[in-house]
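A.B. asks: Structure provided below as structure tokens; questions to follow.
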Amino acid sequence: MIDRKPLLVGLTGGIGSGKSTVAKVFQILNIPIYFADDRAKWLMAKDEGLKHKIKSEFGEAVYNEDGSLNRKHLAAEVFADDQKIKALNNLVHPAVREDFSIWASSQSAPYVLKEAALIFETGGDKDLDKVINVSSPLKVRVSRILMRDAHRDENQVNDIIDMQLPDEEKNSKSDFVIKNTDNKLLIPQVLQIHQKLLLEASV
Ligand SMILES: CC(C)(COP(=O)(O)OP(=O)(O)OC[C@H]1O[C@@H](n2cnc3c(N)ncnc32)[C@H](O)[C@@H]1O)[C@@H](O)C(=O)NCCC(=O)NCCS
Ligand SMILES: Nc1ncnc2c1ncn2[C@@H]1O[C@H](COP(=O)(O)OP(=O)(O)OP(=O)(O)O)[C@@H](O)[C@H]1O
């Protein structure tokens with residue numbers, strides 16, 4: 001049997017667009033998923049070299065006494081300051097990129113997904129064969145996040161939105177767009193893209 005490399009597919013979308021929800025549907029179809037946000041947090045807590053660099057840049061207070069990341073503290077620092085988020089991105093994203101590449105090379109599915117809030121913003125699309133954007137109206141996204149994240153206020157949600165590429169730009173750069181609005185069913189959209197990706201992977 002020929003050992004093929006899986007097609008690498010990005011699954012992105014702005015905060016609250018519903019990309020984790022969409023990822024769960026692909027998971028039911030047995031598609032392996034790399035959750036970049038979760039993995040970034042894992043690396044920030046466990047990779048000693050990265051931890052050292054983050055402490056040097058942001059101070060010891062970004063870690064709790066048990067060694068875990070103080071996310072609330074770091075969020076308050078970086079989401080209100082363009083320079084600080086850039087500094088954090090420059091430390092974390094190369095580590096995530098390498099980690100994804102190692103993970104992807106051990107997968108044997110026809111295609112794999114990298115679920116990440118930032119793909120075009122970090123140039124991550126260059127490492128991917130296709131990108132799917134999950135698109136939802138801004139107002140809906142803000143209200144979903146305020147309902148989901150009790151620790152976040154509307155100002156922080158708007159700051160985060162300002163740090164991400166506008167939805168229209170993500171749509172035009174993507175190969176596929178999933179519309180996650182109240183009047184559109186998600187599962188048929190996922191199934192249609194799944195079929196196209198299987199076909200693409202078999203060529
Ligand atoms: C600052 C941190 C600790 C805040 O953690 P917290 O649990 O409050 O938020 P969470 O990670 O769930 O992020 C909330 C949303 O903010 C957005 N977001 C996260 N990081 C970034 C970023 N660097 N730039 C723009 N938006 C971001 C995403 O839409 C995300 O879903 C955390 O977001 C972080 O470590 N970010 C840096 C790593 C990163 O860039 N992750 C995203 C892509 S890999
Ligand atoms: N179609 C939908 N109908 C109702 N609720 C939804 C829908 N899609 C997503 N949600 C809810 O909205 C919230 C945000 O969705 P989700 O966590 O999937 O977004 P996300 O894009 O991964 O967000 P983040 O960038 O913050 O990680 C969740 O609580 C989720 O259950």
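Identifiers in the structure tokens: chain A, B, ... in order shown; residue index from 1 per chain; ligand index from 1 in order shown.
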Leaving out range 79-91 of chain A and any residue of its chain fewer than 2 positions from it, which residues lie within 9 Å of it when counting only C-alpha atoms, given as a VMD selection string?

C.D. replies: chain A and resid 50 53 to 54 57 to 58 74 to 77 93 to 95 122 156 to 157 159 to 160 163

A.B. asks: Show me which residues sit within 9 Å of ligand 2 when counting only C-alpha atoms and all ligand atoms, and put them as a PDB file with N, CA and C atoms, in the first residue's frame.

C.D. replies:
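result27.pdb, written as the output of this step:
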ATOM      1  N   THR A  12     -10.515  27.809  10.291  1.00  0.00           N
ATOM      2  CA  THR A  12     -10.359  29.043  11.054  1.00  0.00           C
ATOM      3  C   THR A  12     -11.683  29.774  11.174  1.00  0.00           C
ATOM      4  N   GLY A  13     -11.650  30.945  11.765  1.00  0.00           N
ATOM      5  CA  GLY A  13     -12.856  31.744  11.995  1.00  0.00           C
ATOM      6  C   GLY A  13     -12.576  32.653  13.180  1.00  0.00           C
ATOM      7  N   GLY A  14     -13.190  33.818  13.164  1.00  0.00           N
ATOM      8  CA  GLY A  14     -12.966  34.771  14.254  1.00  0.00           C
ATOM      9  C   GLY A  14     -13.512  34.251  15.571  1.00  0.00           C
ATOM     10  N   ILE A  15     -13.194  34.950  16.625  1.00  0.00           N
ATOM     11  CA  ILE A  15     -13.686  34.563  17.952  1.00  0.00           C
ATOM     12  C   ILE A  15     -15.222  34.419  17.913  1.00  0.00           C
ATOM     13  N   GLY A  16     -15.705  33.294  18.434  1.00  0.00           N
ATOM     14  CA  GLY A  16     -17.145  33.077  18.522  1.00  0.00           C
ATOM     15  C   GLY A  16     -17.827  32.692  17.215  1.00  0.00           C
ATOM     16  N   SER A  17     -17.041  32.469  16.144  1.00  0.00           N
ATOM     17  CA  SER A  17     -17.662  32.126  14.856  1.00  0.00           C
ATOM     18  C   SER A  17     -18.270  30.724  14.896  1.00  0.00           C
ATOM     19  N   GLY A  18     -17.698  29.866  15.749  1.00  0.00           N
ATOM     20  CA  GLY A  18     -18.211  28.499  15.865  1.00  0.00           C
ATOM     21  C   GLY A  18     -17.268  27.450  15.310  1.00  0.00           C
ATOM     22  N   LYS A  19     -15.975  27.771  15.222  1.00  0.00           N
ATOM     23  CA  LYS A  19     -15.060  26.790  14.605  1.00  0.00           C
ATOM     24  C   LYS A  19     -14.886  25.533  15.458  1.00  0.00           C
ATOM     25  N   SER A  20     -14.911  25.672  16.789  1.00  0.00           N
ATOM     26  CA  SER A  20     -14.797  24.460  17.626  1.00  0.00           C
ATOM     27  C   SER A  20     -16.040  23.588  17.454  1.00  0.00           C
ATOM     28  N   THR A  21     -17.187  24.233  17.305  1.00  0.00           N
ATOM     29  CA  THR A  21     -18.442  23.502  17.089  1.00  0.00           C
ATOM     30  C   THR A  21     -18.371  22.747  15.755  1.00  0.00           C
ATOM     31  N   VAL A  22     -17.886  23.421  14.715  1.00  0.00           N
ATOM     32  CA  VAL A  22     -17.742  22.774  13.400  1.00  0.00           C
ATOM     33  C   VAL A  22     -16.712  21.637  13.488  1.00  0.00           C
ATOM     34  N   ALA A  23     -15.633  21.872  14.226  1.00  0.00           N
ATOM     35  CA  ALA A  23     -14.586  20.843  14.365  1.00  0.00           C
ATOM     36  C   ALA A  23     -15.173  19.550  14.935  1.00  0.00           C
ATOM     37  N   LYS A  24     -16.125  19.699  15.857  1.00  0.00           N
ATOM     38  CA  LYS A  24     -16.726  18.500  16.471  1.00  0.00           C
ATOM     39  C   LYS A  24     -17.467  17.664  15.420  1.00  0.00           C
ATOM     40  N   ASP A  37      -5.341  26.306  19.616  1.00  0.00           N
ATOM     41  CA  ASP A  37      -5.440  27.130  20.836  1.00  0.00           C
ATOM     42  C   ASP A  37      -5.109  26.296  22.071  1.00  0.00           C
ATOM     43  N   GLU A 115      -7.406  23.339  13.630  1.00  0.00           N
ATOM     44  CA  GLU A 115      -8.385  24.333  14.064  1.00  0.00           C
ATOM     45  C   GLU A 115      -7.642  25.441  14.783  1.00  0.00           C
ATOM     46  N   ALA A 116      -7.721  26.673  14.247  1.00  0.00           N
ATOM     47  CA  ALA A 116      -6.966  27.779  14.839  1.00  0.00           C
ATOM     48  C   ALA A 116      -7.656  29.106  14.578  1.00  0.00           C
ATOM     49  N   ALA A 117      -7.694  29.953  15.597  1.00  0.00           N
ATOM     50  CA  ALA A 117      -8.303  31.278  15.438  1.00  0.00           C
ATOM     51  C   ALA A 117      -7.497  32.108  14.442  1.00  0.00           C
ATOM     52  N   VAL A 134     -14.995  29.645   9.050  1.00  0.00           N
ATOM     53  CA  VAL A 134     -16.343  29.614   9.617  1.00  0.00           C
ATOM     54  C   VAL A 134     -16.757  31.071   9.826  1.00  0.00           C
ATOM     55  N   SER A 135     -17.874  31.421   9.221  1.00  0.00           N
ATOM     56  CA  SER A 135     -18.278  32.823   9.160  1.00  0.00           C
ATOM     57  C   SER A 135     -19.626  33.032   9.854  1.00  0.00           C
ATOM     58  N   SER A 136     -19.664  34.038  10.736  1.00  0.00           N
ATOM     59  CA  SER A 136     -20.922  34.383  11.421  1.00  0.00           C
ATOM     60  C   SER A 136     -20.980  35.887  11.577  1.00  0.00           C
ATOM     61  N   VAL A 140     -23.725  38.316  16.419  1.00  0.00           N
ATOM     62  CA  VAL A 140     -23.998  36.966  16.919  1.00  0.00           C
ATOM     63  C   VAL A 140     -22.757  36.442  17.648  1.00  0.00           C
ATOM     64  N   ARG A 141     -21.571  36.706  17.067  1.00  0.00           N
ATOM     65  CA  ARG A 141     -20.322  36.219  17.669  1.00  0.00           C
ATOM     66  C   ARG A 141     -20.119  36.834  19.046  1.00  0.00           C
ATOM     67  N   SER A 143     -22.357  38.052  21.094  1.00  0.00           N
ATOM     68  CA  SER A 143     -23.312  37.569  22.102  1.00  0.00           C
ATOM     69  C   SER A 143     -23.021  36.109  22.473  1.00  0.00           C
ATOM     70  N   ARG A 144     -22.558  35.292  21.522  1.00  0.00           N
ATOM     71  CA  ARG A 144     -22.187  33.899  21.855  1.00  0.00           C
ATOM     72  C   ARG A 144     -21.049  33.878  22.879  1.00  0.00           C
ATOM     73  N   ILE A 145     -20.049  34.739  22.667  1.00  0.00           N
ATOM     74  CA  ILE A 145     -18.889  34.723  23.564  1.00  0.00           C
ATOM     75  C   ILE A 145     -19.267  35.233  24.952  1.00  0.00           C
ATOM     76  N   LEU A 146     -20.092  36.271  24.995  1.00  0.00           N
ATOM     77  CA  LEU A 146     -20.488  36.789  26.310  1.00  0.00           C
ATOM     78  C   LEU A 146     -21.290  35.744  27.079  1.00  0.00           C
ATOM     79  N   MET A 147     -22.015  34.904  26.331  1.00  0.00           N
ATOM     80  CA  MET A 147     -22.767  33.824  26.991  1.00  0.00           C
ATOM     81  C   MET A 147     -21.834  32.694  27.427  1.00  0.00           C
ATOM     82  N   ARG A 148     -20.797  32.423  26.597  1.00  0.00           N
ATOM     83  CA  ARG A 148     -19.898  31.291  26.882  1.00  0.00           C
ATOM     84  C   ARG A 148     -18.854  31.623  27.944  1.00  0.00           C
ATOM     85  N   ASP A 149     -18.246  32.841  27.848  1.00  0.00           N
ATOM     86  CA  ASP A 149     -17.101  33.183  28.703  1.00  0.00           C
ATOM     87  C   ASP A 149     -17.499  34.199  29.767  1.00  0.00           C
ATOM     88  N   LYS A 179     -21.113  28.887   6.658  1.00  0.00           N
ATOM     89  CA  LYS A 179     -21.893  29.957   7.284  1.00  0.00           C
ATOM     90  C   LYS A 179     -22.587  29.398   8.517  1.00  0.00           C
ATOM     91  N   ASN A 180     -22.176  29.920   9.666  1.00  0.00           N
ATOM     92  CA  ASN A 180     -22.772  29.436  10.925  1.00  0.00           C
ATOM     93  C   ASN A 180     -23.737  30.482  11.476  1.00  0.00           C
ATOM     94  N   THR A 181     -24.904  30.534  10.844  1.00  0.00           N
ATOM     95  CA  THR A 181     -25.943  31.463  11.303  1.00  0.00           C
ATOM     96  C   THR A 181     -27.162  30.633  11.689  1.00  0.00           C
ATOM     97  N   ASP A 182     -28.090  31.271  12.384  1.00  0.00           N
ATOM     98  CA  ASP A 182     -29.246  30.534  12.892  1.00  0.00           C
ATOM     99  C   ASP A 182     -30.065  29.881  11.781  1.00  0.00           C
ATOM    100  N   ASN A 183     -30.034  30.473  10.580  1.00  0.00           N
ATOM    101  CA  ASN A 183     -30.906  29.940   9.518  1.00  0.00           C
ATOM    102  C   ASN A 183     -30.179  29.013   8.535  1.00  0.00           C
ATOM    103  N   LYS A 184     -28.964  28.557   8.880  1.00  0.00           N
ATOM    104  CA  LYS A 184     -28.212  27.653   7.980  1.00  0.00           C
ATOM    105  C   LYS A 184     -27.798  26.408   8.759  1.00  0.00           C
ATOM    106  N   LEU A 185     -28.090  25.229   8.222  1.00  0.00           N
ATOM    107  CA  LEU A 185     -27.699  24.011   8.932  1.00  0.00           C
ATOM    108  C   LEU A 185     -26.205  23.746   8.731  1.00  0.00           C
ATOM    109  N   LEU A 186     -25.529  23.370   9.818  1.00  0.00           N
ATOM    110  CA  LEU A 186     -24.071  23.149   9.743  1.00  0.00           C
ATOM    111  C   LEU A 186     -23.724  21.812   9.088  1.00  0.00           C
TER     112      LEU A 186
END

A.B. asks: Based on DSSP run over this structure's backbone, return all residues of range 90-200 of chain A in strand (DSSP E or B), as number ranges by chain.

C.D. replies: A: 111-115, 130-135, 176-179

A.B. asks: Would you please extract all helix (DSSP H, G or I) residues from range 30-176 of chain A, as assigned by DSSP on the backbone, and give them as number ranges by chain?

C.D. replies: A: 36-46, 48-58, 60-62, 71-78, 82-105, 124-127, 138-148, 154-163, 167-173

A.B. asks: By how many Å are atom 44 (S, counted along the ligand's line) of ligand 1 and CA of Gln164 in chain A apart?

C.D. replies: 12.2 Å

A.B. asks: Figure out the distance between CA of Gly10 in chain A and CA of Leu138 in chain A, please, to one decimal in Å.

C.D. replies: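 Calculated distance between CA of Leu138 in chain A and CA of Gly10 in chain A is 21.2 Å.
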